[in-house]
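Heads up, the thing below is written out as C-alpha cells.
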Number of protein chains: 2
Amino acid sequence: MKQDFQQILRGLNLKSTPKRVVLLEVLDDESVYLSPEDIWNRMKKRFRRLGLPTVYRNLEELYAGGVISRVIHPNRQLYYYLCRNEEHHHHFICVSCRRVVDVSFCAEKELQDVVREGIQGKVLSHILQINGLCRHCLQKDGAVHAY
Amino acid sequence: MKQDFQQILRGLNLKSTPKRVVLLEVLDDESVYLSPEDIWNRMKKRFRRLGLPTVYRNLEELYAGGVISRVIHPNRQLYYYLCRNEEHHHHFICVSCRRVVDVSFCAEKELQDVVREGIQGKVLSHILQINGLCRHCLQKDGAVHAY
DNA sequence: TGATAAATAGAAACAGTTTTCATTTAAGGA
DNA sequence: TCCTTAAATGAAAACTGTTTCTATTTATCA
Ligand SMILES: [Zn+2]
Ligand SMILES: [Zn+2]
Ligand SMILES: [Zn+2]
Ligand SMILES: [Zn+2]
C-alpha cells in the first residue's frame, strides 16, 4: 500500500518523501473530495511542522502526473480526489456530502467526431462531471445545504 | 437589439440600466469568452465612471438567470460568454484564441440513466466542455500558447 | 558516507473577487 | 411630470484562497 505510493511517486520522478506518501494516504482514506486545507488539516496530525504551500505544490504535481483528479465546484475552490480507476472515466459528485462515484460512460468518440467534422479543430481535453445528490443525501429528506 | 436586452433584463426582474445593456452588448459583440476585467475594459470606453464590482455583480446575476454562460478554464479564472442558442447544448472552447463553438451533442439521457440506476441519486446539473484548438489556431502551425 | 539536486517551512506577496456603505438612478404611481 | 422607493452603483477596503521567495532540510545515489 505504502509501497504502492512510493512506486507511483517514482514513476513521476518525484522523490518519495514522507509528506507525499501521507498526502496520498489521506486522499486514499476518503471517499469524498477534499480541499487543500482539508488535506493539510488531516496531514498535520502526523507532522509537527507542515506548510500549506507544500500541500498545494504536491497536489498540483500529482494532478499534473495524472495520479489524482480535480473536482470542478460551483464555488470555484480547488478540490482533489484520488481514484484508483485506471480506465478513462468521469465522476458523479454529490454536492451535499461530497461523495464521488465513478461513471464509466463517456461520449468521447462522439465529441471527437463533432469537433473533427463540424469544427475542424482538435480536442485537447474534455470535462464531464455530473453534479447531484447521492442516494444517502436524497434519503436525509431534502436537507440540501447550499447550491 | 438593444430592445432585446431590455426584454431580457425585465424577464429577470432586473432594472434595465445603461450599464447592464452595454455589458450585454459587449458580450454580444464577441465570439470569444471574456474575463470580468476584459469586459470592464471594453465597457469603460463608454462610461466615464464604472466600477469593476458592478461588472462582477451583473455578470453573476446574468449567469444566475441563465442569460450568459461560464467557461471553465484550467487557470481557474472566471470567463463568461453570451450565447443566443436557446436549446440545451455545450461548448467547444479554443484554449488558444478563446473562440467558443456550440456543440449540440449531449449525453444527458445516458447520464440520467447511469445516475438513476447505478447511483440511485439525482442529477442536479452536468458539466460538459470540450477544450481544444479551433481550425484557425491549428493552421497557425503549432503555435499554441500556454496550456 | 558525502555530494547534489529536490523538497520544505515560514513569511510575505499576490490577484482575483467580494463586501461595505454612501450616493445615484430606474420604475411606477400620484 | 414629479415623487417615492427599492434597486443599482462607485470607491475603497477587506478578503481569501493560492503562489512566490529564500534559507534550510532531506532523499537519493555514487
Ligand atoms: Zn451525498
Ligand atoms: Zn474515478
Ligand atoms: Zn452556446
Ligand atoms: Zn482558436
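Within each chain, counting starts at residue 1; across the C-alpha cells, chains are named A, B, ... in the order shown, with ligands numbered 1 upward in that order.
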
Inset, instruction - Give the residue list for ligand 3 at 7 Å, counting only C-alpha atoms (C1' of nucleotides) and all ligand atoms, as a count of residues only, sorted by chain and then by residue number. - result: 8

What do you get as a short mmCIF file (atom, residue, chain, number, x, y, z; two decimals) with N, CA and C atoms, in the first residue's frame if you pick all residues at most 10 Å from ligand 1, counting only C-alpha atoms (C1' of nucleotides) and all ligand atoms?
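Dumped to selection24.cif:
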data_model
loop_
_atom_site.label_atom_id
_atom_site.label_comp_id
_atom_site.auth_asym_id
_atom_site.auth_seq_id
_atom_site.Cartn_x
_atom_site.Cartn_y
_atom_site.Cartn_z
N VAL A 32 -14.58 11.04 -0.37
CA VAL A 32 -15.11 12.35 -0.74
C VAL A 32 -13.95 13.23 -1.22
N ILE A 93 -20.52 13.70 -8.62
CA ILE A 93 -20.20 14.21 -7.29
C ILE A 93 -21.46 14.65 -6.57
N CYS A 94 -21.52 14.30 -5.31
CA CYS A 94 -22.66 14.73 -4.50
C CYS A 94 -22.33 16.11 -3.93
N VAL A 95 -23.14 17.07 -4.29
CA VAL A 95 -22.84 18.44 -3.85
C VAL A 95 -23.16 18.63 -2.38
N SER A 96 -23.83 17.64 -1.80
CA SER A 96 -24.17 17.77 -0.38
C SER A 96 -23.10 17.15 0.52
N CYS A 97 -22.76 15.89 0.29
CA CYS A 97 -21.80 15.21 1.17
C CYS A 97 -20.44 15.04 0.53
N ARG A 98 -20.29 15.48 -0.68
CA ARG A 98 -19.00 15.44 -1.40
C ARG A 98 -18.57 14.06 -1.86
N ARG A 99 -19.43 13.09 -1.76
CA ARG A 99 -19.09 11.76 -2.22
C ARG A 99 -18.79 11.79 -3.73
N VAL A 100 -17.91 10.92 -4.15
CA VAL A 100 -17.58 10.83 -5.57
C VAL A 100 -17.85 9.40 -6.05
N GLY A 132 -24.83 16.30 -8.40
CA GLY A 132 -26.16 15.89 -7.95
C GLY A 132 -26.17 15.52 -6.49
N LEU A 133 -27.16 14.72 -6.14
CA LEU A 133 -27.29 14.24 -4.78
C LEU A 133 -27.22 12.73 -4.78
N CYS A 134 -26.43 12.19 -3.89
CA CYS A 134 -26.30 10.74 -3.84
C CYS A 134 -27.49 10.13 -3.11
N ARG A 135 -27.54 8.84 -3.14
CA ARG A 135 -28.64 8.11 -2.51
C ARG A 135 -28.82 8.51 -1.05
N HIS A 136 -27.72 8.53 -0.33
CA HIS A 136 -27.76 8.82 1.10
C HIS A 136 -28.33 10.21 1.36
N CYS A 137 -27.89 11.15 0.56
CA CYS A 137 -28.33 12.53 0.80
C CYS A 137 -29.77 12.72 0.36
N LEU A 138 -30.20 11.94 -0.61
CA LEU A 138 -31.59 12.03 -1.03
C LEU A 138 -32.51 11.56 0.09
N GLN A 139 -32.04 10.55 0.80
CA GLN A 139 -32.88 10.00 1.86
C GLN A 139 -33.03 10.94 3.04
N LYS A 140 -31.91 11.50 3.47
CA LYS A 140 -32.00 12.51 4.54
C LYS A 140 -32.91 13.63 4.07
N VAL A 144 -30.81 19.70 1.69
CA VAL A 144 -29.63 20.03 0.90
C VAL A 144 -29.07 21.36 1.38
N GLY B 121 -29.08 8.16 -7.36
CA GLY B 121 -29.07 9.53 -6.88
C GLY B 121 -29.86 10.42 -7.82
N LYS B 122 -29.66 11.69 -7.69
CA LYS B 122 -30.41 12.64 -8.50
C LYS B 122 -29.45 13.62 -9.17
#

Inset, instruction - Residues of chain B no more than 12 Å from chain D, counting only C-alpha atoms (C1' of nucleotides): send them over as number ranges by chain. - result: B: 13-20, 48-58, 75-76

Inset, instruction - Give me every helix (DSSP H, G or I) residue in stretch 21-137 of chain B, going by DSSP on the backbone, as a PyMOL selection string. - result: chain B and resi 21-28+36-44+52-64+108-119+135-137

Resulting file, chosen residues, N, CA and C atoms, as a compact mmCIF listing (two decimals), in the first residue's frame:
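The new file again_6.txt reads:
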# COMPACT_ATOMS: atom_id res chain seq x y z
N VAL B 21 -27.17 47.03 -20.10
CA VAL B 21 -27.39 46.88 -21.54
C VAL B 21 -26.05 46.86 -22.27
N VAL B 22 -25.16 47.75 -21.88
CA VAL B 22 -23.86 47.79 -22.55
C VAL B 22 -23.05 46.53 -22.25
N LEU B 23 -23.19 46.04 -21.04
CA LEU B 23 -22.49 44.78 -20.72
C LEU B 23 -22.93 43.69 -21.69
N LEU B 24 -24.23 43.60 -21.89
CA LEU B 24 -24.73 42.58 -22.82
C LEU B 24 -24.27 42.86 -24.25
N GLU B 25 -24.23 44.14 -24.62
CA GLU B 25 -23.76 44.47 -25.97
C GLU B 25 -22.30 44.04 -26.15
N VAL B 26 -21.52 44.30 -25.13
CA VAL B 26 -20.10 43.93 -25.20
C VAL B 26 -19.96 42.42 -25.39
N LEU B 27 -20.70 41.69 -24.60
CA LEU B 27 -20.62 40.23 -24.73
C LEU B 27 -21.14 39.77 -26.09
N ASP B 28 -22.19 40.44 -26.55
CA ASP B 28 -22.81 40.03 -27.80
C ASP B 28 -21.90 40.30 -29.00
N PRO B 36 -14.02 39.09 -16.49
CA PRO B 36 -14.68 40.29 -15.98
C PRO B 36 -13.86 41.55 -16.28
N GLU B 37 -12.57 41.44 -16.18
CA GLU B 37 -11.74 42.62 -16.43
C GLU B 37 -11.72 42.99 -17.91
N ASP B 38 -11.71 41.99 -18.79
CA ASP B 38 -11.83 42.27 -20.23
C ASP B 38 -13.09 43.09 -20.48
N ILE B 39 -14.17 42.63 -19.87
CA ILE B 39 -15.47 43.26 -20.10
C ILE B 39 -15.47 44.67 -19.54
N TRP B 40 -14.86 44.80 -18.38
CA TRP B 40 -14.74 46.12 -17.74
C TRP B 40 -14.01 47.09 -18.67
N ASN B 41 -12.90 46.64 -19.23
CA ASN B 41 -12.11 47.50 -20.11
C ASN B 41 -12.91 47.94 -21.33
N ARG B 42 -13.66 47.02 -21.90
CA ARG B 42 -14.45 47.38 -23.07
C ARG B 42 -15.57 48.34 -22.68
N MET B 43 -16.18 48.09 -21.52
CA MET B 43 -17.29 48.94 -21.09
C MET B 43 -16.82 50.35 -20.72
N LYS B 44 -15.63 50.44 -20.19
CA LYS B 44 -15.13 51.74 -19.73
C LYS B 44 -15.01 52.76 -20.86
N LEU B 52 -15.47 48.07 -11.19
CA LEU B 52 -15.31 46.65 -11.51
C LEU B 52 -16.32 45.79 -10.75
N PRO B 53 -16.62 46.11 -9.49
CA PRO B 53 -17.63 45.30 -8.80
C PRO B 53 -18.98 45.28 -9.49
N THR B 54 -19.31 46.37 -10.14
CA THR B 54 -20.57 46.39 -10.89
C THR B 54 -20.55 45.33 -11.98
N VAL B 55 -19.42 45.20 -12.62
CA VAL B 55 -19.30 44.20 -13.67
C VAL B 55 -19.44 42.80 -13.07
N TYR B 56 -18.74 42.54 -12.01
CA TYR B 56 -18.84 41.24 -11.35
C TYR B 56 -20.29 40.94 -10.93
N ARG B 57 -20.90 41.92 -10.29
CA ARG B 57 -22.27 41.71 -9.81
C ARG B 57 -23.21 41.38 -10.97
N ASN B 58 -23.11 42.15 -12.02
CA ASN B 58 -24.04 41.94 -13.13
C ASN B 58 -23.78 40.64 -13.87
N LEU B 59 -22.52 40.31 -14.02
CA LEU B 59 -22.21 39.04 -14.67
C LEU B 59 -22.82 37.89 -13.87
N GLU B 60 -22.69 37.97 -12.57
CA GLU B 60 -23.21 36.88 -11.75
C GLU B 60 -24.73 36.79 -11.82
N GLU B 61 -25.36 37.95 -11.84
CA GLU B 61 -26.83 37.96 -11.95
C GLU B 61 -27.29 37.38 -13.29
N LEU B 62 -26.60 37.77 -14.33
CA LEU B 62 -26.99 37.27 -15.65
C LEU B 62 -26.69 35.78 -15.77
N TYR B 63 -25.62 35.36 -15.15
CA TYR B 63 -25.31 33.93 -15.17
C TYR B 63 -26.36 33.15 -14.38
N ALA B 64 -26.69 33.68 -13.21
CA ALA B 64 -27.71 33.02 -12.39
C ALA B 64 -29.04 32.95 -13.13
N GLU B 108 -27.10 13.71 -22.15
CA GLU B 108 -27.91 13.92 -20.95
C GLU B 108 -28.70 12.68 -20.54
N LYS B 109 -29.36 12.07 -21.51
CA LYS B 109 -30.20 10.94 -21.17
C LYS B 109 -29.39 9.79 -20.57
N GLU B 110 -28.28 9.50 -21.22
CA GLU B 110 -27.43 8.42 -20.73
C GLU B 110 -26.94 8.71 -19.30
N LEU B 111 -26.60 9.95 -19.06
CA LEU B 111 -26.11 10.31 -17.73
C LEU B 111 -27.20 10.12 -16.70
N GLN B 112 -28.39 10.57 -17.06
CA GLN B 112 -29.53 10.39 -16.15
C GLN B 112 -29.71 8.92 -15.82
N ASP B 113 -29.63 8.09 -16.86
CA ASP B 113 -29.82 6.65 -16.65
C ASP B 113 -28.77 6.09 -15.70
N VAL B 114 -27.52 6.44 -15.94
CA VAL B 114 -26.43 5.94 -15.12
C VAL B 114 -26.68 6.31 -13.65
N VAL B 115 -27.04 7.54 -13.44
CA VAL B 115 -27.21 8.00 -12.07
C VAL B 115 -28.43 7.38 -11.42
N ARG B 116 -29.49 7.28 -12.15
CA ARG B 116 -30.71 6.72 -11.56
C ARG B 116 -30.52 5.25 -11.23
N GLU B 117 -29.92 4.52 -12.18
CA GLU B 117 -29.80 3.08 -11.97
C GLU B 117 -28.59 2.72 -11.12
N GLY B 118 -27.43 3.20 -11.51
CA GLY B 118 -26.22 2.77 -10.81
C GLY B 118 -26.06 3.45 -9.46
N ILE B 119 -26.30 4.74 -9.42
CA ILE B 119 -26.01 5.50 -8.22
C ILE B 119 -27.24 5.72 -7.36
N ARG B 135 -10.02 25.53 -35.77
CA ARG B 135 -9.44 25.40 -37.10
C ARG B 135 -8.37 26.47 -37.34
N HIS B 136 -8.73 27.70 -37.00
CA HIS B 136 -7.80 28.81 -37.26
C HIS B 136 -6.49 28.64 -36.50
N CYS B 137 -6.62 28.23 -35.25
CA CYS B 137 -5.41 28.10 -34.43
C CYS B 137 -4.57 26.90 -34.84

Legend entry - Straight-line distance linking atom CA of B:Ile130 with atom CA of B:Glu30, stated in Å to one decimal: 19.3 Å

Legend entry - Test item: chain C residues at most 10 Å from chain B, counting only C-alpha atoms (C1' of nucleotides), as a VMD selection string: chain C and resid 16 to 19 25 to 27
